[in-house]
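This is query03.txt (compact mmCIF, C-alpha atoms and all ligand atoms).
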```txt
# COMPACT_ATOMS: atom_id res chain seq x y z
CA MET A 1 112.81 72.83 58.34
CA ARG A 2 109.44 71.49 57.24
CA VAL A 3 108.85 68.57 54.89
CA LEU A 4 105.80 68.05 52.68
CA ASN A 5 103.94 64.93 53.74
CA ASP A 6 103.31 63.69 50.21
CA ASN A 7 104.62 64.17 46.68
CA LEU A 8 103.50 67.23 44.72
CA ARG A 9 101.30 65.29 42.28
CA ASN A 10 99.27 63.78 45.15
CA LEU A 11 99.17 67.10 46.98
CA PHE A 12 97.86 68.77 43.82
CA GLY A 13 95.08 66.16 43.66
CA LYS A 14 94.30 66.85 47.30
CA PHE A 15 94.33 70.64 46.68
CA GLN A 16 91.90 70.26 43.77
CA CYS A 17 89.59 68.18 45.94
CA GLU A 18 89.67 70.67 48.81
CA GLN A 19 89.71 73.93 46.82
CA SER A 20 87.58 73.02 43.84
CA ASP A 21 86.76 76.67 43.05
CA VAL A 22 90.46 77.64 42.62
CA LYS A 23 91.63 76.89 39.09
CA ILE A 24 95.42 76.67 38.73
CA SER A 25 97.71 74.37 36.75
CA PHE A 26 99.99 71.77 38.29
CA THR A 27 103.04 73.85 37.22
CA THR A 28 101.72 76.95 39.01
CA PHE A 29 100.87 74.86 42.06
CA CYS A 30 104.47 73.56 42.19
CA ARG A 31 105.91 77.05 41.64
CA MET A 32 103.87 78.43 44.56
CA ARG A 33 105.36 75.97 47.08
CA PRO A 34 106.94 78.05 49.88
CA LYS A 35 110.69 77.44 49.65
CA GLU A 36 111.01 76.63 53.36
CA PHE A 37 108.94 73.48 52.73
CA ASN A 38 111.22 70.72 51.51
CA LEU A 39 110.03 68.11 49.06
CA THR A 40 109.28 64.61 50.29
CA GLN A 41 112.17 62.20 50.30
CA TYR A 42 110.41 58.88 50.43
CA ILE A 43 113.56 57.06 51.52
CA SER A 44 113.70 58.43 55.00
CA ARG A 45 115.18 56.44 57.85
CA ASN A 46 113.59 58.32 60.69
CA ARG A 47 110.03 58.90 59.58
CA CYS A 48 107.50 56.82 57.73
CA LEU A 49 105.10 59.08 55.80
CA CYS A 50 103.33 56.30 53.94
CA GLN A 51 104.52 52.76 54.47
CA LYS A 52 103.64 51.61 50.95
CA HIS A 53 105.44 54.53 49.28
CA GLN A 54 108.46 54.19 51.58
CA ASN A 55 108.72 50.44 51.03
CA MET A 56 108.47 50.82 47.25
CA ALA A 57 111.26 53.43 47.40
CA LEU A 58 113.46 51.15 49.54
CA LEU A 59 112.84 48.25 47.18
CA LEU A 60 113.67 50.30 44.06
CA LYS A 61 116.89 51.42 45.74
CA SER A 62 117.89 47.78 46.45
CA VAL A 63 116.94 46.60 42.96
CA LYS A 64 118.98 49.41 41.40
CA ALA A 65 121.95 48.66 43.69
CA ALA A 66 121.73 45.01 42.52
CA GLY A 67 122.29 46.13 38.90
CA ALA A 68 118.82 46.81 37.45
CA ASN A 69 118.04 49.97 35.50
CA VAL A 70 115.09 51.45 37.37
CA PRO A 71 113.96 54.94 38.52
CA LEU A 72 114.42 55.56 42.23
CA ASN A 73 111.29 57.67 42.65
CA PRO A 74 108.23 55.42 43.22
CA GLU A 75 105.88 57.82 41.42
CA ASP A 76 108.13 58.04 38.33
CA PHE A 77 108.52 54.28 38.40
CA ILE A 78 104.81 53.53 38.50
CA LYS A 79 104.06 56.12 35.82
CA ARG A 80 106.53 54.38 33.50
CA VAL A 81 105.03 50.98 34.34
CA GLN A 82 101.55 52.31 33.52
CA ASN A 83 102.82 53.76 30.23
CA ASN A 84 104.36 50.36 29.41
CA ASP A 85 107.81 51.98 29.15
CA ILE A 86 109.18 49.42 31.59
CA ASN A 87 107.91 46.28 33.27
CA ALA A 88 108.85 44.54 36.49
CA ASN A 89 109.86 41.23 34.82
CA GLU A 90 112.29 42.90 32.41
CA ILE A 91 113.78 45.07 35.14
CA MET A 92 114.70 41.98 37.14
CA THR A 93 116.78 40.59 34.25
CA GLY A 94 119.32 43.30 35.18
CA VAL A 95 119.91 41.66 38.58
CA LYS A 96 122.74 39.13 38.19
CA ASP A 97 123.76 38.22 41.78
CA ASP A 98 122.28 35.06 43.28
CA LYS A 99 121.99 36.54 46.76
CA VAL A 100 120.53 40.02 47.23
CA SER A 101 119.30 42.07 50.15
CA TYR A 102 116.55 44.66 50.50
CA GLU A 103 115.08 46.74 53.31
CA GLN A 104 111.44 47.34 54.31
CA TRP A 105 109.62 49.26 57.02
CA LYS A 106 107.84 46.79 59.28
CA ARG A 107 106.04 46.83 62.62
CA VAL A 108 108.24 44.79 64.95
CA ASP A 109 108.20 43.77 68.61
CA CYS A 110 110.58 45.87 70.70
CA GLU A 111 112.35 45.04 73.95
CA ASP A 112 109.89 47.09 76.00
CA GLY A 113 107.04 44.87 74.75
CA LYS A 114 105.66 47.53 72.38
CA LYS A 115 105.40 47.29 68.61
CA ARG A 116 107.16 49.96 66.55
CA MET A 117 107.89 50.70 62.91
CA LYS A 118 111.48 49.83 62.03
CA ILE A 119 113.50 49.18 58.90
CA VAL A 120 114.14 45.44 58.61
CA GLN A 121 116.77 43.94 56.29
CA HIS A 122 115.99 40.80 54.25
CA GLN A 123 118.51 38.48 52.53
CA VAL A 124 116.92 36.55 49.66
CA SER A 125 117.72 34.72 46.44
CA ARG A 126 117.43 36.49 43.09
CA ASP A 127 114.21 34.60 42.28
CA GLU A 128 112.67 35.48 45.63
CA LEU A 129 113.51 39.16 45.08
CA ALA A 130 111.96 38.99 41.58
CA ALA A 131 108.73 37.48 42.94
CA PHE A 132 108.56 40.05 45.73
CA PHE A 133 109.33 42.94 43.36
CA ILE A 134 106.56 41.93 40.95
CA LYS A 135 104.05 41.54 43.81
CA GLN A 136 105.04 44.91 45.34
CA THR A 137 104.76 46.63 41.95
CA CYS A 138 101.18 45.36 41.51
CA GLU A 139 100.17 46.37 45.02
CA PHE A 140 101.81 49.77 44.70
CA GLN A 141 100.04 50.38 41.41
CA GLU A 142 96.71 49.64 43.11
CA HIS A 143 97.69 51.91 46.01
CA THR A 144 98.42 54.91 43.74
CA GLN A 145 95.26 54.24 41.74
CA ARG A 146 93.13 54.21 44.89
CA ILE A 147 94.64 57.52 46.06
CA LYS A 148 93.74 59.11 42.73
CA GLU A 149 90.21 57.70 42.80
CA GLN A 150 89.60 58.81 46.38
CA TYR A 151 90.56 62.42 45.67
CA LYS A 152 88.37 62.36 42.59
CA ALA A 153 85.45 60.83 44.51
CA MET A 154 85.75 63.50 47.19
CA SER A 155 86.00 66.26 44.58
CA ASP A 156 82.96 64.92 42.66
CA LEU A 157 80.98 64.61 45.89
CA LYS A 158 81.71 68.23 46.79
CA HIS A 159 80.67 69.41 43.33
CA GLY A 160 77.47 67.42 43.26
CA LEU A 161 76.62 67.45 46.97
CA PRO A 162 72.83 67.04 47.16
CA PRO A 163 70.77 69.43 49.31
CA ASN A 164 70.75 68.49 53.01
CA HIS A 165 73.78 66.23 52.62
CA VAL A 166 76.90 66.97 54.69
CA ILE A 167 80.48 65.79 54.23
CA VAL A 168 82.17 65.31 57.58
CA GLN A 169 85.95 65.01 57.42
CA MET A 170 87.73 64.32 60.69
CA ASP A 171 90.97 63.09 62.17
CA PHE A 172 92.81 63.05 65.48
CA ALA A 173 95.45 65.79 65.68
CA GLU A 174 98.58 65.32 67.74
CA ASN A 175 97.74 65.84 71.41
CA PHE A 176 98.17 69.35 72.76
CA THR A 177 100.68 69.52 75.59
CA CYS A 178 99.95 72.03 78.32
CA VAL A 179 102.82 74.37 79.16
CA SER A 180 102.86 77.72 80.90
CA ALA A 181 104.64 80.91 79.89
CA ASP A 182 106.74 81.04 83.07
CA GLU A 183 107.47 77.37 82.98
CA VAL A 184 109.63 76.05 85.79
CA GLN A 185 111.51 72.79 85.64
CA SER A 186 108.93 70.89 87.69
CA ALA A 187 106.18 71.80 85.22
CA TYR A 188 107.77 69.41 82.73
CA TRP A 189 106.85 66.54 85.02
CA ASN A 190 103.23 67.66 85.30
CA GLN A 191 102.50 68.25 81.65
CA ASN A 192 98.95 67.42 80.70
CA SER A 193 98.04 66.08 77.30
CA ILE A 194 94.79 67.06 75.66
CA THR A 195 93.06 65.30 72.79
CA LEU A 196 92.23 67.52 69.81
CA HIS A 197 89.94 66.10 67.15
CA PRO A 198 89.41 68.53 64.24
CA VAL A 199 86.28 68.16 62.12
CA VAL A 200 85.35 70.00 58.92
CA ALA A 201 81.71 69.79 57.81
CA TYR A 202 80.89 70.79 54.20
CA TYR A 203 77.37 71.60 53.07
CA LYS A 204 75.66 73.56 50.31
CA ASN A 205 73.75 76.71 51.21
CA ASP A 206 70.42 77.73 49.66
CA GLU A 207 72.25 79.26 46.67
CA GLY A 208 74.05 75.97 46.04
CA THR A 209 77.47 77.27 47.18
CA LEU A 210 79.72 74.94 49.12
CA ASN A 211 80.33 76.23 52.65
CA HIS A 212 81.93 74.66 55.68
CA TYR A 213 82.10 74.77 59.46
CA SER A 214 85.29 74.00 61.37
CA TYR A 215 85.11 72.33 64.76
CA ILE A 216 87.74 71.23 67.26
CA ILE A 217 86.56 68.58 69.67
CA VAL A 218 88.58 68.82 72.87
CA SER A 219 88.81 66.06 75.46
CA ASP A 220 90.75 64.97 78.52
CA ASP A 221 90.31 61.35 77.37
CA LEU A 222 93.38 60.10 75.52
CA GLY A 223 91.93 56.79 74.30
CA HIS A 224 91.68 57.70 70.58
CA ASN A 225 89.52 54.70 69.68
CA SER A 226 86.05 53.96 68.30
CA GLY A 227 84.48 54.77 71.70
CA SER A 228 85.94 58.28 71.54
CA VAL A 229 84.85 58.69 67.92
CA PHE A 230 81.30 57.57 68.70
CA ALA A 231 81.14 59.92 71.67
CA PHE A 232 82.40 62.79 69.48
CA ILE A 233 79.82 62.06 66.80
CA GLN A 234 77.03 62.06 69.39
CA LYS A 235 78.23 65.29 70.88
CA LEU A 236 78.94 66.91 67.53
CA LEU A 237 75.76 65.83 65.81
CA LEU A 238 73.55 66.36 68.76
CA PRO A 239 73.08 69.22 68.93
CA GLN A 240 75.88 71.37 67.43
CA MET A 241 75.88 70.43 63.76
CA ARG A 242 72.09 70.40 63.54
CA GLU A 243 72.05 73.87 65.00
CA ASP A 244 74.54 75.11 62.38
CA ILE A 245 73.20 73.22 59.36
CA PRO A 246 69.42 72.75 59.40
CA ASN A 247 67.62 69.75 57.88
CA ILE A 248 70.57 67.35 57.64
CA LYS A 249 69.37 64.19 55.90
CA HIS A 250 72.59 62.32 55.16
CA ILE A 251 76.17 62.41 56.39
CA HIS A 252 79.17 61.31 54.32
CA HIS A 253 81.91 60.56 56.83
CA TRP A 254 85.45 60.68 55.41
CA THR A 255 88.35 59.60 57.58
CA VAL A 256 91.79 58.08 57.42
CA SER A 257 91.81 54.35 58.01
CA PRO A 258 93.63 53.36 61.21
CA SER A 259 91.73 50.33 62.47
CA SER A 260 92.20 51.44 66.09
CA GLN A 261 90.27 54.67 65.48
CA TYR A 262 87.86 54.54 62.57
CA ARG A 263 87.98 51.31 60.59
CA ASN A 264 86.74 48.80 63.12
CA LYS A 265 83.68 46.90 64.33
CA GLY A 266 82.68 49.77 66.67
CA THR A 267 82.50 52.26 63.80
CA PHE A 268 80.68 49.76 61.58
CA GLN A 269 78.11 49.30 64.32
CA VAL A 270 77.61 53.08 64.53
CA VAL A 271 77.17 53.43 60.76
CA SER A 272 74.79 50.48 60.51
CA ASP A 273 72.65 51.97 63.29
CA HIS A 274 73.13 55.63 62.32
CA MET A 275 69.51 56.18 61.32
CA ASN A 276 68.19 54.78 64.62
CA LEU A 277 70.73 56.65 66.69
CA PHE A 278 70.61 60.06 65.05
CA ALA A 279 67.63 60.03 62.65
CA VAL A 280 70.11 60.73 59.83
CA SER A 281 71.47 58.19 57.36
CA ALA A 282 75.22 57.94 56.86
CA SER A 283 78.00 56.43 54.78
CA TRP A 284 81.63 56.05 55.85
CA ASN A 285 84.48 56.45 53.36
CA TYR A 286 88.12 55.74 54.05
CA PHE A 287 91.16 57.45 52.59
CA GLU A 288 94.11 55.28 51.67
CA SER A 289 96.40 54.75 54.61
CA GLY A 290 99.08 57.45 54.82
CA HIS A 291 97.28 59.82 52.40
CA GLY A 292 94.23 60.96 54.32
CA LYS A 293 95.62 64.11 55.89
CA GLY A 294 93.28 66.77 54.61
CA PRO A 295 91.88 70.04 55.95
CA CYS A 296 91.81 68.58 59.49
CA ASP A 297 95.59 68.54 59.52
CA GLY A 298 95.72 72.28 58.87
CA LEU A 299 92.86 72.97 61.28
CA GLY A 300 94.53 71.03 64.13
CA GLY A 301 97.87 72.75 63.45
CA THR A 302 96.27 76.21 63.42
CA ALA A 303 94.41 75.57 66.69
CA LYS A 304 97.60 74.37 68.39
CA ARG A 305 99.71 77.29 67.14
CA MET A 306 97.07 79.80 68.26
CA ALA A 307 96.80 78.20 71.71
CA ASP A 308 100.60 78.08 72.09
CA LEU A 309 100.88 81.73 71.12
CA ALA A 310 98.12 82.79 73.54
CA VAL A 311 99.89 80.95 76.39
CA ARG A 312 103.29 82.43 75.54
CA GLN A 313 101.80 85.93 75.33
CA ASN A 314 100.29 85.36 78.78
CA LYS A 315 96.79 85.89 77.41
CA CYS A 316 95.55 82.69 79.03
CA LYS A 317 96.59 79.65 81.02
CA ILE A 318 95.87 76.28 79.47
CA GLN A 319 96.37 73.52 82.00
CA ASP A 320 93.60 71.13 81.01
CA ALA A 321 91.06 70.29 78.30
CA LYS A 322 88.32 72.50 79.76
CA ALA A 323 90.70 75.48 79.63
CA ILE A 324 91.53 75.05 75.94
CA PHE A 325 87.81 74.68 75.20
CA GLU A 326 86.98 77.90 77.08
CA TRP A 327 89.91 79.80 75.55
CA GLY A 328 89.00 78.51 72.06
CA ASN A 329 85.41 79.70 72.22
CA SER A 330 86.40 83.08 73.62
CA SER A 331 89.05 83.69 70.93
CA GLN A 332 88.02 85.50 67.78
CA THR A 333 88.11 82.69 65.23
CA SER A 334 85.61 80.90 63.06
CA ILE A 335 86.55 77.59 64.71
CA LYS A 336 83.96 76.20 67.11
CA TYR A 337 85.32 74.30 70.10
CA LEU A 338 83.35 71.44 71.62
CA PHE A 339 84.22 69.71 74.87
CA VAL A 340 83.61 66.00 75.39
CA GLY A 341 84.55 64.83 78.88
CA SER A 342 86.28 61.54 79.67
CA GLU A 343 83.35 60.35 81.82
CA PHE A 344 80.97 60.55 78.86
CA ILE A 345 83.49 58.80 76.61
CA THR A 346 84.01 56.01 79.19
CA GLU A 347 80.23 55.46 79.28
CA VAL A 348 79.99 55.34 75.48
CA ARG A 349 82.96 52.98 75.31
CA SER A 350 81.42 50.54 77.77
CA ASP A 351 78.06 50.73 75.91
CA LEU A 352 79.87 49.73 72.72
CA GLU A 353 81.68 46.90 74.51
CA GLN A 354 78.42 45.60 75.95
CA LYS A 355 77.02 45.28 72.45
CA ASN A 356 79.72 42.63 72.02
CA ILE A 357 80.00 43.05 68.28
CA LYS A 358 81.79 40.17 66.60
CA SER A 359 84.98 40.84 64.69
CA VAL A 360 85.27 39.92 61.06
CA SER A 361 88.76 38.84 60.09
CA SER A 362 88.62 40.30 56.59
CA VAL A 363 88.86 43.85 57.97
CA ARG A 364 92.57 43.12 58.30
CA HIS A 365 92.51 41.11 55.11
CA HIS A 366 91.59 44.26 53.19
CA GLU A 367 94.53 46.19 54.54
CA ASN A 368 97.07 43.50 53.78
CA GLN A 369 95.84 42.28 50.46
CA SER A 370 93.91 45.21 49.06
CA SER A 371 90.98 42.97 48.38
CA GLU A 372 88.03 45.34 48.50
CA CYS A 373 85.60 42.82 47.09
CA SER A 374 85.93 40.39 49.97
CA ILE A 375 85.12 43.14 52.43
CA ASN A 376 82.18 44.40 50.47
CA GLU A 377 80.86 40.90 50.06
CA ASN A 378 81.09 40.33 53.80
CA TYR A 379 79.54 43.61 54.79
CA ILE A 380 77.27 44.59 52.00
CA VAL A 381 74.17 43.00 53.50
CA LEU A 382 74.70 44.44 56.94
CA LEU A 383 76.32 47.73 56.10
CA PRO A 384 75.39 48.78 52.58
CA ARG A 385 76.75 52.28 52.97
CA LEU A 386 80.33 51.52 53.94
CA SER A 387 82.74 52.38 51.16
CA PHE A 388 86.13 50.72 50.99
CA TRP A 389 88.75 51.67 48.52
ZN ZN B 1 101.42 55.96 49.76
```

Could you write out this file's structure as structure tokens?
Amino acid sequence: MRVLNDNLRNLFGKFQCEQSDVKISFTTFCRMRPKEFNLTQYISRNRCLCQKHQNMALLLKSVKAAGANVPLNPEDFIKRVQNNDINANEIMTGVKDDKVSYEQWKRVDCEDGKKRMKIVQHQVSRDELAAFFIKQTCEFQEHTQRIKEQYKAMSDLKHGLPPNHVIVQMDFAENFTCVSADEVQSAYWNQNSITLHPVVAYYKNDEGTLNHYSYIIVSDDLGHNSGSVFAFIQKLLLPQMREDIPNIKHIHHWTVSPSSQYRNKGTFQVVSDHMNLFAVSASWNYFESGHGKGPCDGLGGTAKRMADLAVRQNKCKIQDAKAIFEWGNSSQTSIKYLFVGSEFITEVRSDLEQKNIKSVSSVRHHENQSSECSINENYIVLLPRLSFW
């Protein structure tokens, strides 16, 4: 069974932004959903697709259970709030009990010392629930608005992409695990993981048509942090992308926003120094957390399925990163595979650390309080081309 990773309305927005030349209605889009793909159930206890959507769904469920008349689907709820059909204050008048409980996904400390996402139960008074519900409703409204605006911004950018500008969308895929066709028990204990980092680069050709190149960056380094990203950009930009797309003047990076990978001081340093480093200017745009899976998701999945199939059909042996890189470039696909070794990434990582860039606390502040202005105010002088949503 497969589950869609977002609701159909958001996925339609994403489809329009990725396939701007295909004109279909929302109804047709919904009708064409393959039946083996189940719709998203936001209240899921074993997976957290988007924390904000899941938490709104859990809260609506608790508020309804406490006696209020409210839709359970977060998207329906926010649509009705925006249409002024309902409002959070009035909804809370339906809750009569003095003590109420609600659940929320939260990152908590576990016994093994690691932090994990878990559902945490809260017991609060009616007034406390009302205050929390109103605050969550406002934040969720901003969250859905930002998703809409980001898809529109990406779509507009693709339509009006100036000559010599390139949109680079990238994301880490799940690591590829090496297995062999005649796998023996002991092989399970020697399984190698390989980092796959799909990249899609959009550009306009001389006729003004939007084209793209698909790349998979392969590495034996499993760090997945700004050092890896910087190393990938260096390797990708110099020389591969320049070879494929001549005369690049500006790069619009678009990524998801995990602070460990893309939204951090290391990345900001790279963007601020992009012109010096690569003789190309750049801007960096972030998708709303939990909604940034775009073409890279499909590209990573395709690469993994093809590699798995080749191994199972005994067409190749993939035991390390170099092997998947060699197999990838010898297979008949339009995907270009690039290898970035762990030694190079370690060097880049230590270079970045030596720069000793100071942290700015409001990077977290943005995530928690959705206060874009404070970030922009802090960074605008240093990093005028960073876009926060
Ligand atoms: Zn969401």

Nearby residues, ligand ZN 1 (chain B), 6 Å, only C-alpha atoms and all ligand atoms, as a ChimeraX atom specification: /A:50,52-53,290

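Near Gln150 (chain A), within 9 Å and counting all atoms listed in the file, sit Gln145, Arg146, Ile147, Ala153, Met154, Ser155, Asn285, Tyr286, Phe287, Glu288 and Trp389 of chain A, not including residues fewer than 3 positions from it in the same chain.
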
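Nearest residue to Gly301 (chain A), choosing from A:Ile324, A:Phe172, A:Gly223, A:Trp284 and counting all atoms listed in the file: A:Phe172.
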
Identify, on the basis of only C-alpha atoms, every residue whose closest approach to Ser125 (chain A) does not exceed 10 Å; exclude the query and any residue fewer than 5 positions from it along the same chain; express the result as an MDAnalysis selection string. chainID A and resid 97:101 130

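Coordinates place CA of Thr28 (chain A) at a distance of 24.8 Å from CA of Asn83 (chain A).
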
With a cut-off of 7 Å, could you pull out the residues of region 125-185 of chain A touching region 237-251 of chain A and give me the nearest pair of atoms for each, distance in Å to one decimal, using all atoms listed in the file, ordered by chain and ascending number, as JSON lines?
```
{"residue": "A:Asn164", "atom": "CA", "partner": "A:Ile248", "partner_atom": "CA", "distance": 4.8}
{"residue": "A:His165", "atom": "CA", "partner": "A:His250", "partner_atom": "CA", "distance": 4.8}
{"residue": "A:Val166", "atom": "CA", "partner": "A:Ile251", "partner_atom": "CA", "distance": 4.9}
{"residue": "A:Ile167", "atom": "CA", "partner": "A:Ile251", "partner_atom": "CA", "distance": 5.9}
{"residue": "A:Val168", "atom": "CA", "partner": "A:Ile251", "partner_atom": "CA", "distance": 6.8}
```

Those same residues, written as a short mmCIF file (atom, residue, chain, number, x, y, z; two decimals), in the frame of the given file with C-alpha atoms?
```
data_model
loop_
_atom_site.label_atom_id
_atom_site.label_comp_id
_atom_site.auth_asym_id
_atom_site.auth_seq_id
_atom_site.Cartn_x
_atom_site.Cartn_y
_atom_site.Cartn_z
CA ASN A 164 70.75 68.49 53.01
CA HIS A 165 73.78 66.23 52.62
CA VAL A 166 76.90 66.97 54.69
CA ILE A 167 80.48 65.79 54.23
CA VAL A 168 82.17 65.31 57.58
#
```

Identify, on the basis of only C-alpha atoms, every residue whose closest approach to Ser331 (chain A) does not exceed 10 Å; exclude the query and any residue fewer than 4 positions from it along the same chain; express the result as a compact mmCIF listing (two decimals) with C-alpha atoms, in the frame of the given file.
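Output file around.txt follows:
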```
# COMPACT_ATOMS: atom_id res chain seq x y z
CA MET A 306 97.07 79.80 68.26
CA ALA A 307 96.80 78.20 71.71
CA ALA A 310 98.12 82.79 73.54
CA GLU A 326 86.98 77.90 77.08
CA TRP A 327 89.91 79.80 75.55
CA ILE A 335 86.55 77.59 64.71
CA LYS A 336 83.96 76.20 67.11
```

Go through A:His274, A:Lys64, A:Lys79, A:Lys106 one by one, measure the shortest atom-to-atom distance of each to Ile233 (chain A) using only C-alpha atoms, and give the residue with the smallest value. A:His274

Distance in Å - CA of Asn87 (chain A) versus CA of Leu129 (chain A): 14.9 Å

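If you measure from each of A:Phe232, A:Asn276, A:Tyr337, A:Ala88 to Lys135 (chain A) using only C-alpha atoms, the closest one turns out to be A:Ala88.
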
How far is it from CA of Ser193 (chain A) to CA of Cys178 (chain A), in Å with one decimal? 6.3 Å

Using all atoms listed in the file, which residue out of A:Ile134, A:Leu352, A:Ile91, A:Ile216 lies closest to Val70 (chain A)? A:Ile91

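Compared by their closest atoms to Gln51 (chain A), and using all atoms listed in the file, the residues A:His143, A:Gly13, A:Lys114, A:Asp76 rank with A:His143 nearest.
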
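Nearest to Phe278 (chain A) of all the residues A:Lys235, A:His291, A:Lys315, A:Lys204 is A:Lys235, counting all atoms listed in the file.
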